[in-house]
Amino acid sequence: MNKYFLVIARYQGEKQEIFDNYISPINKKYCAKHGFEYVVIGNETPLELVRNNPTWWKFTIVQDWIKKGKVQHGDVVTHFDADMVIVKDDQPYQTNKSFSYAIDNGNTHCMGNYTVTINDWSIDLINRILSEDLYQKLKDSDHWQNFREQAAWYTLSGILPHSWISFFDIPHYGFHSVDSPDRYYSLEDLEKHVEVRGPEWDTTLLAEEADDPVSQALQQYNIVKSKKEDTIVRHFAGSQPWNPQYFRTSS
């Protein structure tokens, strides 16, 4: 079994410097500890934009690896957004199921990080998320316009686009809370193949870190509360400032 840790880091200016000098070394240390091959796709790598948005790359790159035989059945591929910092490195981000990701503090089934065990089910999942037919059918809806590959997962598993009630307090994490002709997966299928993690794996909002105006504004979406001391992965989503405290304490 081979394990790959994929990060797409294609910023300009200060954020790229922060990633190169602080976040990437943390990732390297994590990968060395848990036996991942660390793969960074930066600005030096030619990469054609997919559907006019780079977020599709987090699945199209893995799909390409599968087609070219870079990854085989039984291998693990873990993707992290480049604005995520590993705070606690004692647990490897992989799953005994086919697919795993976290519900973040904003109560989204977030594709900021995810991990797949390569098998028939996960290969089919990636193909369905990237389905051109599904994209053409739904691309103009508000949810797909704003959330793209994440919206594809919501559609396929029947999740409400937003809930002010924590998905951990809704049956089946909110799966099948929407009935649509494009919902594909049964509850039995989702239970068998999908591991849903808590916000400690994708901590996007912490009340004690709402010092700046952007973070303060985002606090209304702090629906699934978590504590700073429990954070495993801090995710600077929603244009909030990248807190340098994490670069010091995590390195």
# chains A, B, ... in the order shown; residues from 1 in each chain; ligands from 1
$ residues_around --residues "segment 205-210 of chain A" --least-positions-apart "6" --cutoff "12 Å" --atoms "only C-alpha atoms" --output "number ranges by chain"
A: 103-108, 199, 216-231, 233-246
$ select_by_dssp --residues "segment 113-213 of chain A" --states "alpha helix (DSSP H)" --output "count of residues only"
41
$ select_by_dssp --residues "segment 1-211 of chain A" --states "strand (DSSP E)" --output "PyMOL selection string"
chain A and resi 3-8+37-41+76-81+84-86+99-103+109-117+194-197
$ write_last_selection --atoms "N, CA and C atoms" --output "compact mmCIF listing (two decimals), in the first residue's frame"
# COMPACT_ATOMS: atom_id res chain seq x y z
N LYS A 3 0.81 5.55 0.16
CA LYS A 3 -0.01 6.62 0.71
C LYS A 3 0.52 7.96 0.19
N TYR A 4 -0.38 8.78 -0.32
CA TYR A 4 -0.03 10.07 -0.91
C TYR A 4 -0.77 11.19 -0.19
N PHE A 5 -0.04 12.25 0.09
CA PHE A 5 -0.60 13.43 0.76
C PHE A 5 -0.49 14.59 -0.22
N LEU A 6 -1.62 15.00 -0.78
CA LEU A 6 -1.66 15.96 -1.87
C LEU A 6 -2.06 17.35 -1.39
N VAL A 7 -1.26 18.34 -1.75
CA VAL A 7 -1.59 19.74 -1.49
C VAL A 7 -1.36 20.54 -2.76
N ILE A 8 -2.35 21.33 -3.13
CA ILE A 8 -2.24 22.22 -4.28
C ILE A 8 -2.04 23.63 -3.75
N GLU A 37 3.76 9.80 1.04
CA GLU A 37 4.57 10.53 0.07
C GLU A 37 3.94 11.91 -0.10
N TYR A 38 4.72 12.93 0.13
CA TYR A 38 4.21 14.30 0.11
C TYR A 38 4.28 14.85 -1.30
N VAL A 39 3.13 15.27 -1.85
CA VAL A 39 3.06 15.79 -3.21
C VAL A 39 2.49 17.21 -3.16
N VAL A 40 3.30 18.18 -3.53
CA VAL A 40 2.85 19.57 -3.62
C VAL A 40 2.81 19.97 -5.08
N ILE A 41 1.69 20.50 -5.50
CA ILE A 41 1.57 21.01 -6.86
C ILE A 41 1.53 22.53 -6.77
N VAL A 76 -3.82 4.88 -0.51
CA VAL A 76 -4.52 5.96 0.19
C VAL A 76 -4.11 7.29 -0.44
N VAL A 77 -5.09 8.13 -0.71
CA VAL A 77 -4.81 9.50 -1.16
C VAL A 77 -5.51 10.45 -0.21
N THR A 78 -4.74 11.33 0.40
CA THR A 78 -5.27 12.33 1.32
C THR A 78 -5.01 13.71 0.73
N HIS A 79 -6.04 14.51 0.65
CA HIS A 79 -5.89 15.88 0.14
C HIS A 79 -6.11 16.89 1.26
N PHE A 80 -5.24 17.91 1.30
CA PHE A 80 -5.40 19.04 2.22
C PHE A 80 -5.36 20.33 1.43
N ASP A 81 -6.29 21.25 1.72
CA ASP A 81 -6.16 22.60 1.19
C ASP A 81 -4.87 23.22 1.73
N MET A 84 -4.54 24.99 5.32
CA MET A 84 -4.75 24.18 6.52
C MET A 84 -3.41 23.93 7.21
N VAL A 85 -3.43 23.97 8.54
CA VAL A 85 -2.23 23.72 9.33
C VAL A 85 -2.49 22.56 10.28
N ILE A 86 -1.63 21.57 10.24
CA ILE A 86 -1.74 20.43 11.15
C ILE A 86 -1.24 20.86 12.53
N PHE A 99 -14.03 6.56 2.06
CA PHE A 99 -14.02 8.01 1.93
C PHE A 99 -14.24 8.63 3.30
N SER A 100 -13.45 9.65 3.61
CA SER A 100 -13.61 10.32 4.90
C SER A 100 -13.30 11.80 4.76
N TYR A 101 -14.04 12.60 5.51
CA TYR A 101 -13.85 14.05 5.54
C TYR A 101 -14.49 14.54 6.84
N ALA A 102 -14.42 15.84 7.08
CA ALA A 102 -14.95 16.40 8.33
C ALA A 102 -16.09 17.37 8.07
N ILE A 103 -17.01 17.43 9.02
CA ILE A 103 -17.96 18.53 9.11
C ILE A 103 -17.27 19.62 9.92
N HIS A 109 -20.32 19.89 5.24
CA HIS A 109 -19.60 18.66 4.89
C HIS A 109 -18.47 19.12 3.97
N CYS A 110 -17.34 19.41 4.55
CA CYS A 110 -16.30 20.21 3.89
C CYS A 110 -15.31 19.34 3.12
N MET A 111 -15.05 19.74 1.88
CA MET A 111 -14.06 19.05 1.07
C MET A 111 -12.69 19.72 1.16
N GLY A 112 -12.49 20.56 2.17
CA GLY A 112 -11.18 21.18 2.36
C GLY A 112 -10.09 20.16 2.57
N ASN A 113 -10.40 19.13 3.34
CA ASN A 113 -9.54 17.95 3.37
C ASN A 113 -10.41 16.71 3.26
N TYR A 114 -9.87 15.71 2.68
CA TYR A 114 -10.57 14.44 2.57
C TYR A 114 -9.52 13.36 2.34
N THR A 115 -9.91 12.12 2.56
CA THR A 115 -9.03 10.99 2.28
C THR A 115 -9.84 9.86 1.66
N VAL A 116 -9.25 9.18 0.71
CA VAL A 116 -9.90 8.03 0.08
C VAL A 116 -8.97 6.83 0.14
N THR A 117 -9.56 5.69 0.36
CA THR A 117 -8.90 4.42 0.13
C THR A 117 -9.30 4.00 -1.28
N VAL A 194 -18.53 5.62 4.16
CA VAL A 194 -18.14 6.99 4.47
C VAL A 194 -17.93 7.17 5.97
N GLU A 195 -16.77 7.70 6.33
CA GLU A 195 -16.46 8.07 7.71
C GLU A 195 -16.51 9.59 7.83
N VAL A 196 -17.43 10.10 8.66
CA VAL A 196 -17.57 11.54 8.87
C VAL A 196 -16.88 11.92 10.17
N ARG A 197 -15.98 12.89 10.09
CA ARG A 197 -15.21 13.33 11.25
C ARG A 197 -15.77 14.63 11.81
$ atom_distance --atom1 "atom CA of Gly198 of chain A" --atom2 "atom CA of Ala82 of chain A"
19.8 Å
$ closest_atom_pairs --of "segment 149-180 of chain A" --to "segment 130-133 of chain A" --cutoff "10 Å" --atoms "only C-alpha atoms" --output "JSON lines"
{"residue": "A:Glu149", "atom": "CA", "partner": "A:Leu130", "partner_atom": "CA", "distance": 7.4}
{"residue": "A:Ala152", "atom": "CA", "partner": "A:Leu130", "partner_atom": "CA", "distance": 7.9}
{"residue": "A:Trp153", "atom": "CA", "partner": "A:Leu130", "partner_atom": "CA", "distance": 9.8}
